[in-house]
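S.K.: As input, take work14.pdb (PDB, C-alpha atoms):
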```
ATOM      1  CA  MET L   1      23.449   1.777   7.482
ATOM      2  CA  HIS L   2      22.201   4.516   5.195
ATOM      3  CA  GLU L   3      21.383   6.566   8.307
ATOM      4  CA  LEU L   4      24.663   8.465   7.897
ATOM      5  CA  PRO L   5      24.080  10.017   4.450
ATOM      6  CA  VAL L   6      20.445  10.669   5.342
ATOM      7  CA  THR L   7      21.537  12.442   8.528
ATOM      8  CA  GLU L   8      24.110  14.525   6.643
ATOM      9  CA  SER L   9      21.343  15.714   4.322
ATOM     10  CA  ILE L  10      19.064  16.546   7.244
ATOM     11  CA  LEU L  11      21.746  18.722   8.828
ATOM     12  CA  LYS L  12      22.535  20.494   5.562
ATOM     13  CA  ILE L  13      18.864  21.239   4.850
ATOM     14  CA  VAL L  14      17.951  22.477   8.339
ATOM     15  CA  LEU L  15      20.968  24.790   8.457
ATOM     16  CA  GLN L  16      19.963  26.249   5.078
ATOM     17  CA  HIS L  17      16.522  26.978   6.496
ATOM     18  CA  ALA L  18      17.879  28.593   9.681
ATOM     19  CA  PRO L  19      19.743  31.782   8.762
ATOM     20  CA  ALA L  20      22.405  32.646  11.345
ATOM     21  CA  ASP L  21      21.155  36.229  11.694
ATOM     22  CA  SER L  22      17.672  35.203  12.818
ATOM     23  CA  VAL L  23      18.108  31.753  14.364
ATOM     24  CA  SER L  24      20.450  31.148  17.265
ATOM     25  CA  LYS L  25      19.539  27.521  17.845
ATOM     26  CA  ILE L  26      17.514  24.707  16.313
ATOM     27  CA  VAL L  27      15.701  22.925  19.137
ATOM     28  CA  ARG L  28      13.574  20.250  17.516
ATOM     29  CA  ILE L  29      13.266  18.861  13.981
ATOM     30  CA  PHE L  30      10.128  17.093  12.798
ATOM     31  CA  LEU L  31      10.735  14.366  10.245
ATOM     32  CA  GLU L  32       8.422  12.122   8.294
ATOM     33  CA  VAL L  33       9.710   8.709   7.326
ATOM     34  CA  GLY L  34       7.888   6.203   5.142
ATOM     35  CA  GLU L  35       6.850   2.980   6.875
ATOM     36  CA  LEU L  36       8.631   1.032   4.123
ATOM     37  CA  SER L  37      11.907   2.861   4.650
ATOM     38  CA  ASP L  38      14.109   1.057   7.099
ATOM     39  CA  LEU L  39      15.667   3.603   9.394
ATOM     40  CA  GLU L  40      16.713   3.260  12.998
ATOM     41  CA  ASP L  41      15.416   6.267  14.937
ATOM     42  CA  GLU L  42      18.042   5.845  17.597
ATOM     43  CA  TRP L  43      20.922   5.766  15.118
ATOM     44  CA  ILE L  44      19.672   8.789  13.243
ATOM     45  CA  GLN L  45      19.786  10.726  16.526
ATOM     46  CA  HIS L  46      23.282   9.407  17.368
ATOM     47  CA  TYR L  47      24.637  10.402  13.970
ATOM     48  CA  PHE L  48      22.912  13.742  14.168
ATOM     49  CA  ASP L  49      24.380  14.488  17.607
ATOM     50  CA  TYR L  50      27.817  13.712  16.241
ATOM     51  CA  LEU L  51      27.536  15.606  12.949
ATOM     52  CA  SER L  52      25.839  18.681  14.392
ATOM     53  CA  LYS L  53      28.477  19.445  17.034
ATOM     54  CA  GLY L  54      29.459  23.105  16.902
ATOM     55  CA  THR L  55      26.534  24.054  14.613
ATOM     56  CA  ARG L  56      23.268  25.862  15.385
ATOM     57  CA  ALA L  57      21.592  22.455  15.312
ATOM     58  CA  GLU L  58      23.711  20.962  18.091
ATOM     59  CA  LYS L  59      21.584  19.015  20.599
ATOM     60  CA  ALA L  60      18.441  19.352  18.478
ATOM     61  CA  GLU L  61      15.939  16.574  19.048
ATOM     62  CA  LEU L  62      14.724  14.622  16.027
ATOM     63  CA  VAL L  63      11.054  13.746  16.179
ATOM     64  CA  ILE L  64      10.190  11.037  13.667
ATOM     65  CA  GLN L  65       6.684  10.416  12.468
ATOM     66  CA  ARG L  66       6.000   7.353  10.305
ATOM     67  CA  ILE L  67       4.087   7.813   7.069
ATOM     68  CA  PRO L  68       1.714   4.945   6.292
ATOM     69  CA  ILE L  69       2.133   2.703   3.261
ATOM     70  CA  THR L  70      -0.462   3.497   0.587
ATOM     71  CA  PHE L  71      -1.251   1.505  -2.537
ATOM     72  CA  GLN L  72      -3.535   2.327  -5.438
ATOM     73  CA  CYS L  73      -5.571  -0.322  -7.201
ATOM     74  CA  ASP L  74      -4.931  -0.536 -10.957
ATOM     75  CA  ALA L  75      -8.390  -1.952 -11.569
ATOM     76  CA  CYS L  76     -10.652   0.499  -9.695
ATOM     77  CA  ALA L  77      -8.216   3.333  -8.770
ATOM     78  CA  ASN L  78      -9.094   3.046  -5.080
ATOM     79  CA  THR L  79      -6.305   4.241  -2.776
ATOM     80  CA  PHE L  80      -5.847   2.436   0.515
ATOM     81  CA  GLU L  81      -3.468   2.208   3.467
ATOM     82  CA  ILE L  82      -1.856  -1.032   4.473
ATOM     83  CA  LYS L  83       0.336  -2.061   7.406
ATOM     84  CA  ARG L  84       3.800  -3.383   6.646
ATOM     85  CA  GLU L  85       2.951  -6.725   8.316
ATOM     86  CA  ALA L  86      -0.131  -7.065   6.105
ATOM     87  CA  LEU L  87       1.695  -6.613   2.786
ATOM     88  CA  GLN L  88       1.679 -10.347   2.083
ATOM     89  CA  ASP L  89      -2.135 -10.239   2.043
ATOM     90  CA  LEU L  90      -2.259  -7.119  -0.092
ATOM     91  CA  GLN L  91      -5.431  -6.733  -2.098
ATOM     92  CA  CYS L  92      -7.778  -3.865  -2.898
ATOM     93  CA  PRO L  93     -10.399  -3.629  -0.130
ATOM     94  CA  GLU L  94     -12.927  -2.283  -2.674
ATOM     95  CA  CYS L  95     -12.736  -4.724  -5.583
ATOM     96  CA  GLY L  96     -10.406  -7.474  -4.344
ATOM     97  CA  SER L  97      -7.849  -6.995  -7.130
ATOM     98  CA  THR L  98      -4.222  -7.813  -6.272
ATOM     99  CA  GLU L  99      -2.866  -5.593  -9.055
ATOM    100  CA  CYS L 100      -1.962  -2.524  -7.045
ATOM    101  CA  LYS L 101       0.945  -0.115  -7.063
ATOM    102  CA  LEU L 102       2.774   1.654  -4.262
ATOM    103  CA  VAL L 103       1.947   5.355  -4.081
ATOM    104  CA  SER L 104       3.438   6.421  -0.748
ATOM    105  CA  GLY L 105       5.239   5.041   2.255
ATOM    106  CA  LYS L 106       8.861   5.421   1.293
ATOM    107  CA  GLY L 107      11.342   8.251   1.573
ATOM    108  CA  TYR L 108      12.243  10.894   4.105
ATOM    109  CA  TYR L 109      10.913  14.416   4.561
ATOM    110  CA  ILE L 110      11.671  17.300   6.878
ATOM    111  CA  LYS L 111       8.366  18.837   7.850
ATOM    112  CA  ASN L 112       9.321  21.749  10.078
ATOM    113  CA  MET L 113      11.478  22.680  13.050
ATOM    114  CA  GLU L 114      11.385  24.604  16.293
ATOM    115  CA  VAL L 115      14.017  27.290  16.620
ATOM    116  CA  VAL L 116      14.949  30.132  18.953
TER
ATOM    117  CA  MET G   1      13.842  33.255  27.767
ATOM    118  CA  GLU G   2      13.772  33.295  24.000
ATOM    119  CA  GLU G   3      10.562  32.321  22.335
ATOM    120  CA  ILE G   4      10.418  29.106  20.332
ATOM    121  CA  ARG G   5       9.316  29.642  16.735
ATOM    122  CA  LEU G   6       8.279  27.117  14.141
ATOM    123  CA  ILE G   7       9.950  27.213  10.724
ATOM    124  CA  GLU G   8       8.375  25.328   7.824
ATOM    125  CA  VAL G   9      10.953  23.275   5.939
ATOM    126  CA  LYS G  10       8.885  20.900   3.777
ATOM    127  CA  GLU G  11      11.873  19.396   2.027
ATOM    128  CA  GLU G  12      12.497  15.937   0.774
ATOM    129  CA  ILE G  13      15.759  14.745   2.300
ATOM    130  CA  GLN G  14      16.787  12.932  -0.869
ATOM    131  CA  ALA G  15      15.816  15.788  -3.184
ATOM    132  CA  ASP G  16      19.477  16.401  -4.079
ATOM    133  CA  ASN G  17      20.069  12.785  -5.035
ATOM    134  CA  LYS G  18      16.803  12.589  -6.968
ATOM    135  CA  ALA G  19      17.716  15.675  -8.994
ATOM    136  CA  LYS G  20      21.162  14.229  -9.757
ATOM    137  CA  ALA G  21      19.601  10.896 -10.733
ATOM    138  CA  GLU G  22      17.132  12.608 -13.099
ATOM    139  CA  ALA G  23      19.926  14.636 -14.698
ATOM    140  CA  LEU G  24      21.954  11.467 -15.180
ATOM    141  CA  ARG G  25      18.973   9.647 -16.743
ATOM    142  CA  ASP G  26      18.512  12.551 -19.166
ATOM    143  CA  ARG G  27      22.175  12.385 -20.139
ATOM    144  CA  LEU G  28      22.012   8.597 -20.628
ATOM    145  CA  THR G  29      18.844   8.919 -22.691
ATOM    146  CA  ALA G  30      20.438  11.569 -24.933
ATOM    147  CA  ASN G  31      23.483   9.342 -25.281
ATOM    148  CA  LYS G  32      21.416   6.160 -25.784
ATOM    149  CA  THR G  33      23.288   4.274 -23.088
ATOM    150  CA  PHE G  34      21.112   1.905 -21.059
ATOM    151  CA  LEU G  35      22.081   1.811 -17.383
ATOM    152  CA  LEU G  36      21.043  -1.268 -15.407
ATOM    153  CA  ASN G  37      21.304  -1.199 -11.613
ATOM    154  CA  LEU G  38      21.777  -4.725 -10.293
ATOM    155  CA  MET G  39      21.096  -5.306  -6.599
ATOM    156  CA  SER G  40      21.081  -8.323  -4.289
ATOM    157  CA  SER G  41      22.358  -9.725  -1.001
ATOM    158  CA  PRO G  42      26.051 -10.588  -0.778
ATOM    159  CA  GLY G  43      26.693 -13.939  -2.429
ATOM    160  CA  ALA G  44      23.494 -14.070  -4.495
ATOM    161  CA  GLY G  45      25.576 -14.261  -7.659
ATOM    162  CA  LYS G  46      25.746 -10.735  -9.089
ATOM    163  CA  THR G  47      29.240 -11.033 -10.541
ATOM    164  CA  THR G  48      28.628 -14.476 -12.062
ATOM    165  CA  LEU G  49      25.342 -13.281 -13.542
ATOM    166  CA  ILE G  50      27.078 -10.247 -15.058
ATOM    167  CA  LEU G  51      29.732 -12.538 -16.567
ATOM    168  CA  ARG G  52      26.988 -14.728 -18.108
ATOM    169  CA  THR G  53      25.175 -11.667 -19.401
ATOM    170  CA  ILE G  54      28.357 -10.332 -21.023
ATOM    171  CA  GLU G  55      28.949 -13.733 -22.610
ATOM    172  CA  ALA G  56      25.449 -13.790 -24.102
ATOM    173  CA  LEU G  57      25.251 -10.185 -25.291
ATOM    174  CA  ARG G  58      28.781  -9.067 -26.111
ATOM    175  CA  ASN G  59      28.344  -9.662 -29.842
ATOM    176  CA  ASP G  60      25.166  -7.566 -29.965
ATOM    177  CA  LEU G  61      25.865  -4.793 -27.483
ATOM    178  CA  ARG G  62      28.830  -2.720 -26.379
ATOM    179  CA  ILE G  63      28.897  -3.330 -22.629
ATOM    180  CA  GLY G  64      30.569  -1.641 -19.652
ATOM    181  CA  VAL G  65      30.440  -2.503 -15.958
ATOM    182  CA  ILE G  66      30.650  -0.455 -12.762
ATOM    183  CA  GLU G  67      31.585  -2.577  -9.784
ATOM    184  CA  ALA G  68      30.788  -1.207  -6.368
ATOM    185  CA  ASP G  69      32.439  -2.795  -3.435
ATOM    186  CA  ILE G  70      32.988  -1.658   0.087
ATOM    187  CA  ASP G  71      36.722  -2.199  -0.102
ATOM    188  CA  SER G  72      38.048  -4.657  -2.648
ATOM    189  CA  MET G  73      38.924  -5.048  -6.318
ATOM    190  CA  VAL G  74      38.101  -8.750  -6.665
ATOM    191  CA  ASP G  75      34.939  -8.384  -8.767
ATOM    192  CA  ALA G  76      36.311  -5.758 -11.168
ATOM    193  CA  GLU G  77      39.313  -7.959 -11.873
ATOM    194  CA  LYS G  78      37.013 -10.873 -12.828
ATOM    195  CA  ILE G  79      35.095  -8.637 -15.234
ATOM    196  CA  ALA G  80      38.275  -7.075 -16.660
ATOM    197  CA  LYS G  81      39.454 -10.565 -17.647
ATOM    198  CA  THR G  82      36.614 -10.736 -20.177
ATOM    199  CA  GLY G  83      38.054  -7.688 -21.933
ATOM    200  CA  ILE G  84      34.943  -5.651 -21.119
ATOM    201  CA  ALA G  85      35.434  -2.093 -19.837
ATOM    202  CA  ALA G  86      35.051  -2.199 -16.049
ATOM    203  CA  VAL G  87      35.562   0.356 -13.303
ATOM    204  CA  GLN G  88      35.758  -0.346  -9.622
ATOM    205  CA  LEU G  89      34.113   2.041  -7.220
ATOM    206  CA  ARG G  90      35.216   1.632  -3.653
ATOM    207  CA  THR G  91      32.394   2.903  -1.530
ATOM    208  CA  GLY G  92      34.639   3.168   1.530
ATOM    209  CA  GLY G  93      32.183   1.603   3.934
ATOM    210  CA  PHE G  94      29.055   2.995   2.300
ATOM    211  CA  CYS G  95      26.351   0.389   1.998
ATOM    212  CA  HIS G  96      24.846   1.583  -1.286
ATOM    213  CA  LEU G  97      25.473   3.682  -4.388
ATOM    214  CA  ASP G  98      23.814   7.005  -5.026
ATOM    215  CA  ALA G  99      23.618   9.033  -8.224
ATOM    216  CA  SER G 100      26.800  11.033  -7.638
ATOM    217  CA  MET G 101      28.830   7.880  -6.984
ATOM    218  CA  VAL G 102      27.497   6.389 -10.225
ATOM    219  CA  GLU G 103      28.417   9.631 -12.039
ATOM    220  CA  ARG G 104      31.957   9.191 -10.767
ATOM    221  CA  GLY G 105      31.999   5.597 -11.967
ATOM    222  CA  LEU G 106      30.777   6.598 -15.415
ATOM    223  CA  GLU G 107      33.676   9.056 -15.733
ATOM    224  CA  GLY G 108      35.915   6.013 -15.957
ATOM    225  CA  LEU G 109      34.011   4.649 -18.979
ATOM    226  CA  ASP G 110      33.726   5.987 -22.500
ATOM    227  CA  LEU G 111      29.948   6.421 -22.510
ATOM    228  CA  ALA G 112      29.727   7.390 -26.174
ATOM    229  CA  SER G 113      30.956   3.929 -27.155
ATOM    230  CA  LEU G 114      28.654   1.922 -24.862
ATOM    231  CA  ASP G 115      25.093   0.612 -25.351
ATOM    232  CA  LEU G 116      24.710  -0.989 -21.933
ATOM    233  CA  VAL G 117      26.325  -0.261 -18.579
ATOM    234  CA  ILE G 118      25.632  -2.630 -15.711
ATOM    235  CA  ILE G 119      26.126  -1.397 -12.148
ATOM    236  CA  GLU G 120      26.886  -4.059  -9.608
ATOM    237  CA  ASN G 121      25.531  -2.337  -6.517
ATOM    238  CA  VAL G 122      26.746  -3.104  -2.987
ATOM    239  CA  GLY G 123      25.453  -6.462  -1.705
ATOM    240  CA  ASN G 124      22.577  -5.483   0.554
ATOM    241  CA  LEU G 125      18.778  -5.659   0.265
ATOM    242  CA  VAL G 126      18.046  -2.591   2.392
ATOM    243  CA  CYS G 127      20.031   0.547   1.576
ATOM    244  CA  PRO G 128      20.353   0.303  -2.236
ATOM    245  CA  ALA G 129      16.545   0.245  -2.463
ATOM    246  CA  GLU G 130      16.403   3.743  -0.962
ATOM    247  CA  PHE G 131      18.722   5.551  -3.373
ATOM    248  CA  ASP G 132      17.971   6.361  -7.000
ATOM    249  CA  THR G 133      21.180   5.715  -8.945
ATOM    250  CA  GLY G 134      19.979   7.289 -12.191
ATOM    251  CA  ALA G 135      19.558   3.827 -13.742
ATOM    252  CA  ILE G 136      17.072   3.239 -16.564
ATOM    253  CA  LYS G 137      15.966  -0.068 -15.008
ATOM    254  CA  ASN G 138      16.466  -1.697 -11.615
ATOM    255  CA  ALA G 139      17.130  -5.400 -11.351
ATOM    256  CA  MET G 140      17.561  -7.660  -8.363
ATOM    257  CA  ILE G 141      18.744 -11.179  -7.796
ATOM    258  CA  LEU G 142      17.296 -13.418  -5.139
ATOM    259  CA  SER G 143      19.139 -16.707  -4.872
ATOM    260  CA  VAL G 144      17.427 -19.931  -3.871
ATOM    261  CA  PRO G 145      19.545 -20.512  -0.713
ATOM    262  CA  GLU G 146      18.351 -17.151   0.680
ATOM    263  CA  GLY G 147      14.789 -18.441   0.979
ATOM    264  CA  ASP G 148      11.416 -17.532  -0.503
ATOM    265  CA  ASP G 149      10.426 -15.280   2.439
ATOM    266  CA  LYS G 150      12.583 -12.276   1.450
ATOM    267  CA  PRO G 151       9.706 -10.174   0.013
ATOM    268  CA  LEU G 152       8.203 -10.222   3.504
ATOM    269  CA  LYS G 153      11.433  -8.960   5.076
ATOM    270  CA  TYR G 154      12.599  -6.486   2.439
ATOM    271  CA  PRO G 155       9.408  -5.310   0.717
ATOM    272  CA  LEU G 156      10.837  -1.997  -0.499
ATOM    273  CA  MET G 157      13.495  -3.682  -2.643
ATOM    274  CA  PHE G 158      10.839  -5.716  -4.459
ATOM    275  CA  THR G 159       8.702  -2.632  -5.107
ATOM    276  CA  VAL G 160      11.514  -0.605  -6.725
ATOM    277  CA  CYS G 161      12.703  -3.301  -9.151
ATOM    278  CA  ASP G 162      11.629  -3.791 -12.775
ATOM    279  CA  VAL G 163      12.997  -7.298 -12.986
ATOM    280  CA  LEU G 164      13.742 -10.117 -10.543
ATOM    281  CA  LEU G 165      16.155 -12.936 -11.254
ATOM    282  CA  ILE G 166      15.673 -16.033  -9.134
ATOM    283  CA  ASN G 167      19.224 -17.363  -9.262
ATOM    284  CA  LYS G 168      20.825 -20.675  -8.310
ATOM    285  CA  THR G 169      17.840 -22.697  -9.509
ATOM    286  CA  ASP G 170      20.243 -25.646  -9.549
ATOM    287  CA  TYR G 171      19.716 -25.679  -5.757
ATOM    288  CA  LEU G 172      15.922 -25.996  -6.036
ATOM    289  CA  GLY G 173      15.795 -29.749  -5.482
ATOM    290  CA  LEU G 174      17.972 -29.393  -2.387
ATOM    291  CA  SER G 175      15.856 -26.835  -0.564
ATOM    292  CA  ASP G 176      12.259 -26.117   0.419
ATOM    293  CA  PHE G 177      12.260 -22.904  -1.638
ATOM    294  CA  ASP G 178       8.776 -22.537  -3.131
ATOM    295  CA  VAL G 179       8.982 -20.676  -6.461
ATOM    296  CA  ALA G 180       5.195 -20.316  -6.788
ATOM    297  CA  ALA G 181       4.903 -18.852  -3.272
ATOM    298  CA  LEU G 182       7.742 -16.446  -3.997
ATOM    299  CA  ARG G 183       6.168 -15.321  -7.278
ATOM    300  CA  GLU G 184       2.875 -14.685  -5.510
ATOM    301  CA  ARG G 185       4.548 -12.664  -2.739
ATOM    302  CA  VAL G 186       6.514 -10.592  -5.225
ATOM    303  CA  ASN G 187       3.542  -9.976  -7.511
ATOM    304  CA  LYS G 188       1.470  -8.657  -4.628
ATOM    305  CA  LEU G 189       4.098  -5.995  -3.963
ATOM    306  CA  ASN G 190       4.786  -5.291  -7.610
ATOM    307  CA  HIS G 191       2.711  -6.949 -10.310
ATOM    308  CA  ARG G 192       4.585  -5.247 -13.156
ATOM    309  CA  ILE G 193       7.897  -6.885 -12.297
ATOM    310  CA  ALA G 194       9.386  -9.337 -14.819
ATOM    311  CA  ILE G 195      10.605 -12.570 -13.211
ATOM    312  CA  PHE G 196      13.178 -15.001 -14.595
ATOM    313  CA  GLU G 197      14.411 -18.263 -13.103
ATOM    314  CA  VAL G 198      18.092 -18.696 -13.845
ATOM    315  CA  SER G 199      21.201 -20.519 -12.831
ATOM    316  CA  ALA G 200      24.238 -18.389 -13.569
ATOM    317  CA  LYS G 201      26.304 -21.490 -12.825
ATOM    318  CA  THR G 202      24.715 -23.934 -15.282
ATOM    319  CA  GLY G 203      23.434 -21.293 -17.712
ATOM    320  CA  GLN G 204      19.814 -22.415 -17.356
ATOM    321  CA  GLY G 205      17.357 -19.595 -18.075
ATOM    322  CA  ILE G 206      20.121 -17.150 -19.062
ATOM    323  CA  ALA G 207      18.890 -16.988 -22.674
ATOM    324  CA  GLU G 208      15.391 -15.829 -21.615
ATOM    325  CA  TRP G 209      16.853 -13.192 -19.290
ATOM    326  CA  THR G 210      19.354 -11.834 -21.803
ATOM    327  CA  GLN G 211      16.706 -11.747 -24.572
ATOM    328  CA  TRP G 212      14.516  -9.667 -22.279
ATOM    329  CA  LEU G 213      17.421  -7.339 -21.465
ATOM    330  CA  LYS G 214      18.430  -7.009 -25.122
ATOM    331  CA  LYS G 215      14.866  -6.072 -26.010
ATOM    332  CA  GLU G 216      14.707  -3.463 -23.232
ATOM    333  CA  VAL G 217      17.989  -1.945 -24.454
ATOM    334  CA  ASP G 218      16.766  -1.940 -28.076
ATOM    335  CA  VAL G 219      13.460  -0.279 -27.174
ATOM    336  CA  PHE G 220      15.291   2.331 -25.092
ATOM    337  CA  ARG G 221      17.803   3.062 -27.845
ATOM    338  CA  CYS G 222      15.039   3.492 -30.434
ATOM    339  CA  ARG G 223      13.083   6.011 -28.351
TER
END
```
Do you think you could lay out the structure here as structure tokens?

M.R.:
Amino acid sequence: MHELPVTESILKIVLQHAPADSVSKIVRIFLEVGELSDLEDEWIQHYFDYLSKGTRAEKAELVIQRIPITFQCDACANTFEIKREALQDLQCPECGSTECKLVSGKGYYIKNMEVV
Amino acid sequence: MEEIRLIEVKEEIQADNKAKAEALRDRLTANKTFLLNLMSSPGAGKTTLILRTIEALRNDLRIGVIEADIDSMVDAEKIAKTGIAAVQLRTGGFCHLDASMVERGLEGLDLASLDLVIIENVGNLVCPAEFDTGAIKNAMILSVPEGDDKPLKYPLMFTVCDVLLINKTDYLGLSDFDVAALRERVNKLNHRIAIFEVSAKTGQGIAEWTQWLKKEVDVFRCR
């Protein structure tokens, strides 16, 4: 359900980066979303279509790339990727420690966008 | 045909909220007011736990409460009956609180006269985990009837919290909830998290939890 505020922010940011005097239309927006962040791709696009009506971003396609979950081991400092489904078996592949902390895999980023 | 160009954006979508949350934390730190963000599913016992916490700590700490609810005043009225300063934030359909909503809530409280403000976030294990409220510590409640598999379904929530309260332990004998299995699942996601087993109904475990909270507030206020 937090798709709406996230989508509002996306629209605000892309419009800031697309000055009206040099950009007539935003065609495609490339997003990165952490694997741990629950976000429905389809809903983000629906909300975006609705919110962007009448702006330079109207009808822009959102392309969402998932960012893998990464943990760092407290014991040996090794950084490793882990699938969401494997979190229950989380342990450092180097030293076997289970004392690890999340370093990436949450949040939302706008990478770049295609404009005309 | 116009040529398609690529524009680099490289912006964090929640950068605005993060900046607001940091500014709020700075203000709270300067003011020595500890802000606790309490999250859980609907019905896990947030309001009852807050009432118990007030009961245990009201002689030691000056407490305020921000109640977030999609569209009702029920919880704030319960808190107001204790004589504790409480504000109700209607989120108008929003499923979580962000830093600017918390700012608005704090406007309704006299911060200078409070040591501890507890936010009762919207009942939901997904969205509140994504938004920094500006709180000093994040707490969550998982109640026994919800089941011990929740860390598998909502891992993000368990990674962002500093403390977990396993509530409704009075139901333990009636269910197949496995406390040891839950602790192991939670510790794999977040081994720094403090875990307390409580029953807000019977009062069991409340002393340990409130001692922990009191100590956190004291340490924060002495920084």

S.K.: Just so the selection is clear, what residues does the PyMOL selection byres ((chain L) within 9 of (chain G)) cover here, as a PyMOL selection string?

M.R.: chain L and resi 1-2+4-7+9-10+13-14+17-18+27+36-38+84-85+87-91+98-102+106-116

S.K.: Selected residues, C-alpha atoms, written as a compact mmCIF listing (two decimals), in the frame of the given file, please.

M.R.:
```
# COMPACT_ATOMS: atom_id res chain seq x y z
CA MET L 1 23.45 1.78 7.48
CA HIS L 2 22.20 4.52 5.20
CA LEU L 4 24.66 8.46 7.90
CA PRO L 5 24.08 10.02 4.45
CA VAL L 6 20.44 10.67 5.34
CA THR L 7 21.54 12.44 8.53
CA SER L 9 21.34 15.71 4.32
CA ILE L 10 19.06 16.55 7.24
CA ILE L 13 18.86 21.24 4.85
CA VAL L 14 17.95 22.48 8.34
CA HIS L 17 16.52 26.98 6.50
CA ALA L 18 17.88 28.59 9.68
CA VAL L 27 15.70 22.92 19.14
CA LEU L 36 8.63 1.03 4.12
CA SER L 37 11.91 2.86 4.65
CA ASP L 38 14.11 1.06 7.10
CA ARG L 84 3.80 -3.38 6.65
CA GLU L 85 2.95 -6.72 8.32
CA LEU L 87 1.70 -6.61 2.79
CA GLN L 88 1.68 -10.35 2.08
CA ASP L 89 -2.13 -10.24 2.04
CA LEU L 90 -2.26 -7.12 -0.09
CA GLN L 91 -5.43 -6.73 -2.10
CA THR L 98 -4.22 -7.81 -6.27
CA GLU L 99 -2.87 -5.59 -9.06
CA CYS L 100 -1.96 -2.52 -7.04
CA LYS L 101 0.94 -0.12 -7.06
CA LEU L 102 2.77 1.65 -4.26
CA LYS L 106 8.86 5.42 1.29
CA GLY L 107 11.34 8.25 1.57
CA TYR L 108 12.24 10.89 4.11
CA TYR L 109 10.91 14.42 4.56
CA ILE L 110 11.67 17.30 6.88
CA LYS L 111 8.37 18.84 7.85
CA ASN L 112 9.32 21.75 10.08
CA MET L 113 11.48 22.68 13.05
CA GLU L 114 11.38 24.60 16.29
CA VAL L 115 14.02 27.29 16.62
CA VAL L 116 14.95 30.13 18.95
```

S.K.: Find the spatial neighbours of range 50-56 of chain G, counting all atoms listed in the file, within a cut-off of 8 Å - ignore same-chain residues fewer than 3 positions away - and output them as a list in words.

M.R.: Lys46, Thr47, Asn59, Ile63, Ile79, Thr82, Ile118, Ala200, Gly203, Ile206, Ala207 and Thr210 of chain G

S.K.: For the provided coordinates, the residues matched by the PyMOL selection byres ((chain G and resi 110) around 12) should be stated as a list of chain:residue names.

M.R.: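 So the PyMOL selection byres ((chain G and resi 110) around 12), applied here, picks out G:Asn31, G:Thr33, G:Arg62, G:Ile63, G:Gly64, G:Val65, G:Ile84, G:Ala85, G:Ala86, G:Val87, G:Gly105, G:Leu106, G:Glu107, G:Gly108, G:Leu109, G:Leu111, G:Ala112, G:Ser113, G:Leu114, G:Asp115, G:Leu116, G:Val117.
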
S.K.: Skip Leu97 in chain G itself and residues of its chain fewer than 5 positions away, then list as a PDB file with C-alpha atoms, in the coordinates of the input all residues within 7 Å of it, counting only C-alpha atoms.

M.R.:
```pdb
ATOM      1  CA  VAL G 102      27.497   6.389 -10.225  1.00  0.00           C
ATOM      2  CA  ASN G 121      25.531  -2.337  -6.517  1.00  0.00           C
ATOM      3  CA  PRO G 128      20.353   0.303  -2.236  1.00  0.00           C
ATOM      4  CA  THR G 133      21.180   5.715  -8.945  1.00  0.00           C
TER       5      THR G 133
END
```

S.K.: Work out how far CA of Ala139 in chain G is from CA of Glu8 in chain L, in Å to one decimal.

M.R.: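 Taking CA of Glu8 in chain L as the start and CA of Ala139 in chain G as the end point, the length is 27.7 Å.
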
S.K.: Report as a list in words all protein, DNA and RNA residues lying within 9 Å of range 53-64 of chain L, evaluated on all atoms listed in the file, omitting residues in the same chain fewer than 5 positions from it.

M.R.: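 These residues fall inside the cut-off: Leu11, Val14, Leu15, Ala18, Ala20, Val23, Ser24, Lys25, Ile26, Val27, Arg28, Ile29, Phe30, Leu31, Glu32, Val33, Asp41, Ile44, Gln45 and Phe48 of chain L.
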
S.K.: With C-alpha atoms retained, export the selected residues as a tab-separated table (two decimals), in the frame of the given file.

M.R.:
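Output saved as part.tsv:
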```
chain	number	residue	atom	x	y	z
L	11	LEU	CA	21.75	18.72	8.83
L	14	VAL	CA	17.95	22.48	8.34
L	15	LEU	CA	20.97	24.79	8.46
L	18	ALA	CA	17.88	28.59	9.68
L	20	ALA	CA	22.40	32.65	11.34
L	23	VAL	CA	18.11	31.75	14.36
L	24	SER	CA	20.45	31.15	17.26
L	25	LYS	CA	19.54	27.52	17.84
L	26	ILE	CA	17.51	24.71	16.31
L	27	VAL	CA	15.70	22.92	19.14
L	28	ARG	CA	13.57	20.25	17.52
L	29	ILE	CA	13.27	18.86	13.98
L	30	PHE	CA	10.13	17.09	12.80
L	31	LEU	CA	10.74	14.37	10.24
L	32	GLU	CA	8.42	12.12	8.29
L	33	VAL	CA	9.71	8.71	7.33
L	41	ASP	CA	15.42	6.27	14.94
L	44	ILE	CA	19.67	8.79	13.24
L	45	GLN	CA	19.79	10.73	16.53
L	48	PHE	CA	22.91	13.74	14.17
```

S.K.: Have a look at G:Asp178, G:Glu120, G:Tyr171, G:Ile166 and name the one nearest to Asp148 in chain G; count all atoms listed in the file.

M.R.: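 Checking each candidate against Asp148 in chain G, we get G:Asp178 as the closest.
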
S.K.: Any idea what the distance is between CA of Trp209 in chain G and CA of Phe158 in chain G?

M.R.: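 So the two atoms, CA of Trp209 in chain G and CA of Phe158 in chain G, lie 17.7 Å apart.
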
S.K.: Quick one: residues within 10 Å of Leu28 in chain G, all atoms listed in the file counted, chain neighbours fewer than 2 positions away excluded, as a PyMOL selection string?

M.R.: chain G and resi 22-26+30-35+111-112+115+134-136

S.K.: In Å, how far is it from CA of Gly123 in chain G to CA of Cys161 in chain G?

M.R.: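 Straight-line distance from CA of Gly123 in chain G to CA of Cys161 in chain G works out to 15.1 Å.
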